[in-house]
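Undergrad: Have a look at this one before I ask anything.
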Number of protein chains: 2
Amino acid sequence: MAVAAGKAAIAIHGGAGAIPRAELGDEGYRRAREGLRQALLAGWRVLSAGGLALDAVEAAVRALEDDPMFNAGHGAVFNAGGEHELDAAIMDGRTLAAGAVAGVRTIRNPVSAARRIMEASDCVLLAGSGADAFAREQGLETVAQDYFSTDLRRRYLERAKLAEAGKLERPASEAEKHGTVGAVAVDALGNLAAATSTGGYTNKRVGRVGDSPVIGAGTYAANGACAVSGTGRGEYFIRHTTARDIAARMQFAGMGLAEAAHAAIFTDLAAHDCGAGLIAVGPDGTVAMPFNTPGMYRGAITTDGVLCVGVYGDDFSVVETLG
Amino acid sequence: MAVAAGKAAIAIHGGAGAIPRAELGDEGYRRAREGLRQALLAGWRVLSAGGLALDAVEAAVRALEDDPMFNAGHGAVFNAGGEHELDAAIMDGRTLAAGAVAGVRTIRNPVSAARRIMEASDCVLLAGSGADAFAREQGLETVAQDYFSTDLRRRYLERAKLAEAGKLERPASEAEKHGTVGAVAVDALGNLAAATSTGGYTNKRVGRVGDSPVIGAGTYAANGACAVSGTGRGEYFIRHTTARDIAARMQFAGMGLAEAAHAAIFTDLAAHDCGAGLIAVGPDGTVAMPFNTPGMYRGAITTDGVLCVGVYGDDFSVVETLG
């Protein structure tokens with residue numbers, strides 16, 4: 001695989017608040033890292049061929065949506081009604097064009113529906129059955145609800161219902177409650193893009209929409225500034241316009257990417273008891289991945305082709321060097 | 001009515017892109033100005049009694065939702081399916097708490113449902129039938145779809161369908177296509193709040209969500225900076241995080257309210273062929289009301305109790321002085 005000219009780079013996340021080591025186990029840990037690696041490679045194939053950041057983030061997020069390890073697409077959590085309602089967004093930093101879906105129930109890859117909305121409609125955000133209908137009209141792959149279901153997520157819902165009834169002894173972990181996937185990339189021409197996709201959080205109220213499809217909250221990209229995808233308690237990302245604020249601090253206050261990304265998690269969101277993380281990339285390929293939880297499923301391929309992944313705070317490590 | 005201590009002020013809009021004078025007529029013009037006046041007074045009653053900005057913007061927007069002159073609540077436009085799907089949001093600048101509904105169909109006053117979400121749920125944004133169900137659970141007033149319908153909006157839908165089929169000779173005006181209502185206020189303690197409510201635009205795709213319920217796009221408030229409510233082609237407000245950017249320019253770049261509000265409409269949105277306007281208020285009661293259309297239904301009560309309303313670019317005038 002040829003390394004892209006210029007400063008192409010990609011970063012992904014599979015949600016802040018990783019499953020505790022004891023619960024994840026060696027096999028789960030290996031599978032999580034491999035899933036992250038495969039999603040990175042899906043994006044990198046685009047970038048290393050000189051493709052667009054926009055195509056790279058869609059490819060990476062599709063891979064994460066298809067992987068049942070992560071809370072998006074296949075493997076999404078259940079809502080309070082025992083069903084799946086999925087949110088996703090994509091944003092093109094070249095033009096600030098964006099597309100998003102909220103509360104969709106039959107679209108296999110919500111991120112691709114978001115992209116189609118961006119490119120084939122006058123809308124940015126479509127919700128509910130209208131969004132599902134749009135995807136069908138456009139010929140995107142649709143599936144039955146049980147395509148998204150896994151036994152693990154069903155157990156999480158059962159535990160959440162027990163917790164609600166005051167019958168759960170061990171509290172649910174952050175990972176058990178929510179999760180999200182996302183990707184940010186810069187291509188060889190310096191274009192930025194971001195995409196995010198999620199099932200929300202276990203036992204969420206029917207109709208609840210999180211930050212992922214809210215442009216400026218969980219997803220944002222602007223050429224010359226940064227691309228951002230967030231994960232955590234989405235309501236706080238919405239209230240703090242977290243993803244946009246990172247770019248705004250760079251554009252209006254001259255702050256650097258790392259400092260702006262850090263401030264979003266450790267200043268803005270610090271007032272709330274809220275597990276949170278994000279990934280961000282700048283035009284020069286700089287990557288930031290702040291999180292305040294014990295772990296965040298994450299990975300990056302840096303401008304020199306080094307592929308790294310990590311699950312916990314202390315295990316972010318080089319897997320291979322592409323070249 | 002006593003004038004509030006401190007710097008209380010309120011501004012409202014009933015949508016950018018006013019109906020052309022010839023079409024509105026003298027009686028319509030008088031009714032529009034009176035509707036704006038009544039909504040201002042509804043908010044001012046709260047502020048002048050020492051109440052919260054949050055309560056004032058809710059009261060003003062409820063009045064505009066109930067007035068069939070404006071595209072929100074009773075009098076909302078029809079979507080492509082011949083139905084009404086309503087969006088609304090409210091934000092409390094004290095805490096950045098926010099609530100919003102998208103695509104609701106049975107809630108008489110969507111702004112009050114948004115507030116209830118903010119105060120009685122863990123969510124910020126609820127969409128579709130889940131949001132309608134929440135409102136019912138909470139005992140908010142629900143109505144049948146035809147409560148929202150008016151003959152004027154039905155004619156607009158018929159004309160939009162003709163236009164789609166290439167059978168319309170005179171193009172639809174901005175006012176005919178969309179519209180929104182909103183309010184921003186500062187109370188005697190300097191607290192800011194914003195609220196927005198809309199039926200979207202005539203013949204919109206089923207499921208389309210605009211900027212009104214997107215925190216940072218069509219609605220935003222942060223104490224110490226400003227409160228903003230937007231009106232116009234919402235997709236551009238979402239892409240430009242317009243309402244948040246006004247506050248961000250003030251907080252991160254030290255810009256004044258008037259300059260930041262002007263930049264949002266005449267710099268950020270200027271690249272798009274997009275009718276747009278907004279209202280904004282700062283902690284000292286300064287009000288800005290930029291718009292790029294021939295008219296914007298708007299009004300304000302300034303810190304000295306002067307009540308002004310206007311419909312077109314040249315008719316913003318004092319109606320009375322409260323004291």
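Residue names in the structure tokens use chain letters A, B, ... in the order shown, residue numbers from 1 in each chain, and ligand numbers from 1 in the order shown.
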Wanna dump the chain A-chain B contacts at 6 Å for me, each residue with its shortest atom pair and the distance in Å to one decimal, counting only C-alpha atoms, ordered by chain and number, as CSV?

TA:
```
residue,atom,partner,partner_atom,distance
A:Leu96,CA,B:Arg239,CA,5.6
A:Val124,CA,B:Glu235,CA,5.7
A:Leu125,CA,B:Val209,CA,5.4
A:Leu126,CA,B:Arg208,CA,4.5
A:Ala127,CA,B:Gly207,CA,4.9
A:Gly130,CA,B:Gly207,CA,4.3
A:Val206,CA,B:Gly130,CA,5.1
A:Gly207,CA,B:Gly130,CA,4.3
A:Arg208,CA,B:Leu126,CA,4.5
A:Val209,CA,B:Leu125,CA,5.4
A:Glu235,CA,B:Val124,CA,5.7
A:Arg239,CA,B:Leu96,CA,5.6
A:Phe252,CA,B:Ala253,CA,5.2
A:Ala253,CA,B:Phe252,CA,5.2
```

Undergrad: Any idea what's packed within 10 Å of Thr303 (chain A), counting only C-alpha atoms, ignoring anything in its chain fewer than 4 positions away? Could you give it as a CSV table (one decimal) with all heavy atoms, in the first residue's frame?

TA:
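Generated file (part-v5.csv):
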```
chain,number,residue,atom,x,y,z
A,3,VAL,N,2.1,5.0,0.5
A,3,VAL,CA,1.8,6.0,1.4
A,3,VAL,C,1.4,7.3,0.6
A,3,VAL,O,2.0,7.6,-0.4
A,3,VAL,CB,3.0,6.4,2.3
A,3,VAL,CG1,2.7,7.6,3.2
A,3,VAL,CG2,3.3,5.2,3.2
A,4,ALA,N,0.3,7.9,1.1
A,4,ALA,CA,-0.2,9.1,0.3
A,4,ALA,C,0.8,10.2,0.4
A,4,ALA,O,1.6,10.4,1.3
A,4,ALA,CB,-1.5,9.6,1.0
A,5,ALA,N,0.8,11.0,-0.7
A,5,ALA,CA,1.6,12.2,-0.7
A,5,ALA,C,1.0,13.1,0.3
A,5,ALA,O,-0.2,13.0,0.7
A,5,ALA,CB,1.6,12.8,-2.1
A,6,GLY,N,1.7,14.2,0.7
A,6,GLY,CA,1.1,15.2,1.5
A,6,GLY,C,1.0,14.7,3.0
A,6,GLY,O,1.8,13.8,3.4
A,7,LYS,N,0.0,15.2,3.6
A,7,LYS,CA,-0.1,15.0,5.1
A,7,LYS,C,-1.3,14.2,5.5
A,7,LYS,O,-1.9,14.5,6.5
A,7,LYS,CB,-0.1,16.4,5.8
A,7,LYS,CG,1.1,17.2,5.6
A,7,LYS,CD,2.2,16.7,6.6
A,7,LYS,CE,3.4,17.7,6.6
A,7,LYS,NZ,4.5,17.2,7.3
A,8,ALA,N,-1.7,13.2,4.7
A,8,ALA,CA,-2.9,12.4,5.0
A,8,ALA,C,-2.7,11.7,6.3
A,8,ALA,O,-1.7,11.2,6.6
A,8,ALA,CB,-3.1,11.4,3.9
A,9,ALA,N,-3.8,11.7,7.0
A,9,ALA,CA,-3.9,11.0,8.3
A,9,ALA,C,-5.3,10.7,8.7
A,9,ALA,O,-6.2,11.4,8.1
A,9,ALA,CB,-3.2,11.9,9.4
A,10,ILE,N,-5.5,9.7,9.5
A,10,ILE,CA,-6.9,9.4,9.9
A,10,ILE,C,-6.9,9.0,11.4
A,10,ILE,O,-5.9,8.4,11.9
A,10,ILE,CB,-7.5,8.3,9.0
A,10,ILE,CG1,-8.9,8.0,9.4
A,10,ILE,CG2,-6.6,7.0,9.1
A,10,ILE,CD1,-9.7,7.1,8.4
A,186,VAL,N,-7.7,13.8,7.3
A,186,VAL,CA,-7.2,14.9,6.4
A,186,VAL,C,-6.6,14.1,5.2
A,186,VAL,O,-5.9,13.1,5.4
A,186,VAL,CB,-6.1,15.8,7.1
A,186,VAL,CG1,-5.0,15.0,7.7
A,186,VAL,CG2,-5.6,16.8,6.2
A,187,ASP,N,-6.9,14.6,4.0
A,187,ASP,CA,-6.4,14.0,2.8
A,187,ASP,C,-5.1,14.7,2.3
A,187,ASP,O,-4.7,15.7,2.9
A,187,ASP,CB,-7.4,13.8,1.8
A,187,ASP,CG,-8.0,15.1,1.3
A,187,ASP,OD1,-7.3,16.1,1.2
A,187,ASP,OD2,-9.2,15.1,0.9
A,188,ALA,N,-4.5,14.2,1.3
A,188,ALA,CA,-3.3,14.7,0.8
A,188,ALA,C,-3.4,16.2,0.4
A,188,ALA,O,-2.4,16.9,0.4
A,188,ALA,CB,-2.8,13.9,-0.4
A,284,ASP,N,-2.5,19.7,9.1
A,284,ASP,CA,-1.2,19.2,9.0
A,284,ASP,C,-1.1,17.8,9.5
A,284,ASP,O,0.0,17.2,9.5
A,284,ASP,CB,-0.2,20.1,9.8
A,284,ASP,CG,-0.5,20.0,11.3
A,284,ASP,OD1,-1.6,19.5,11.7
A,284,ASP,OD2,0.3,20.6,12.1
A,285,GLY,N,-2.2,17.1,9.8
A,285,GLY,CA,-2.2,15.7,10.2
A,285,GLY,C,-2.0,15.5,11.7
A,285,GLY,O,-2.0,14.4,12.1
A,286,THR,N,-1.9,16.6,12.4
A,286,THR,CA,-1.8,16.5,13.9
A,286,THR,C,-3.1,15.8,14.4
A,286,THR,O,-4.2,16.2,13.9
A,286,THR,CB,-1.7,17.9,14.6
A,286,THR,OG1,-0.6,18.5,14.0
A,286,THR,CG2,-1.6,17.7,16.1
A,287,VAL,N,-3.0,14.8,15.3
A,287,VAL,CA,-4.1,14.1,15.9
A,287,VAL,C,-4.2,14.4,17.4
A,287,VAL,O,-3.2,14.4,18.0
A,287,VAL,CB,-4.0,12.6,15.6
A,287,VAL,CG1,-5.1,11.8,16.4
A,287,VAL,CG2,-4.2,12.4,14.1
A,307,LEU,N,0.5,3.0,12.1
A,307,LEU,CA,-0.8,2.6,12.6
A,307,LEU,C,-0.8,2.2,14.1
A,307,LEU,O,0.0,1.3,14.5
A,307,LEU,CB,-1.3,1.5,11.8
A,307,LEU,CG,-2.8,1.0,12.0
A,307,LEU,CD1,-3.3,0.3,10.7
A,307,LEU,CD2,-3.0,0.2,13.2
```

Undergrad: Write down as a VMD selection string the residues of region 99-288 of chain A whose backbone DSSP state falls under strand (DSSP E or B).

TA: chain A and resid 99 to 104 107 125 to 127 142 181 to 186 192 to 198 208 to 209 215 219 to 222 226 to 232 276 to 281 287 to 288

Undergrad: Of the candidates A:Ala32, A:Ala261, A:Val46, A:Cys274, which shows the shortest atom-to-atom distance to Pro68 (chain A), using only C-alpha atoms?

TA: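 Of A:Ala32, A:Ala261, A:Val46, A:Cys274, the one nearest Pro68 (chain A) is A:Ala32, counting only C-alpha atoms.
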
Undergrad: Please provide the set of residues having any atom within 8 Å of Ala60 (chain B), restricted to only C-alpha atoms, with same-chain residues fewer than 2 positions apart removed, written as a PyMOL selection string.

TA: chain B and resi 12+39-43+56-58+62-64+182-183

Undergrad: Report as a list in words: the residues of region 217-323 of chain A with a DSSP assignment of alpha helix (DSSP H), based on the backbone of this structure.

TA: Gly234, Glu235, Tyr236, Phe237, Ile238, Arg239, Thr242, Ala243, Arg244, Asp245, Ile246, Ala247, Ala248, Arg249, Met250, Gln251, Phe252, Ala253, Leu257, Ala258, Glu259, Ala260, Ala261, His262 and Ala263 of chain A

Undergrad: Return the single residue from B:Val311, B:Ala80, B:Ala53, B:Val61 that is closest to Ala227 (chain B), with distances computed using only C-alpha atoms.

TA: B:Ala53

Undergrad: Within 7 Å of region 139-156 of chain B, counting only C-alpha atoms, which residues qualify if same-chain residues fewer than 4 places away don't, as a ChimeraX atom specification?

TA: /B:73-78,84,105-108,135,160,176,202

Undergrad: Using only C-alpha atoms, which residues sit within 10 Å of Val181 (chain A) once same-chain residues fewer than 6 positions away are excluded, as a list in words?

TA: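 Listed by chain and then number, they are Ile12, His13, Gly14, Gly15, Ala16, Ala60, Val61, Arg62, Ala63, Leu64, Glu65, Phe70, Asn71, Ala72, Gly73, Ala88, Ala195, Thr196, Ser197, Thr198, Gly199, Ser212, Ser229, Gly230, Thr231, Tyr297 and Arg298 of chain A.
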
Undergrad: So what do you get for CA of Gly295 (chain B) versus CA of Gly323 (chain B), distance-wise?

TA: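 Straight-line distance from CA of Gly295 (chain B) to CA of Gly323 (chain B) works out to 29.1 Å.
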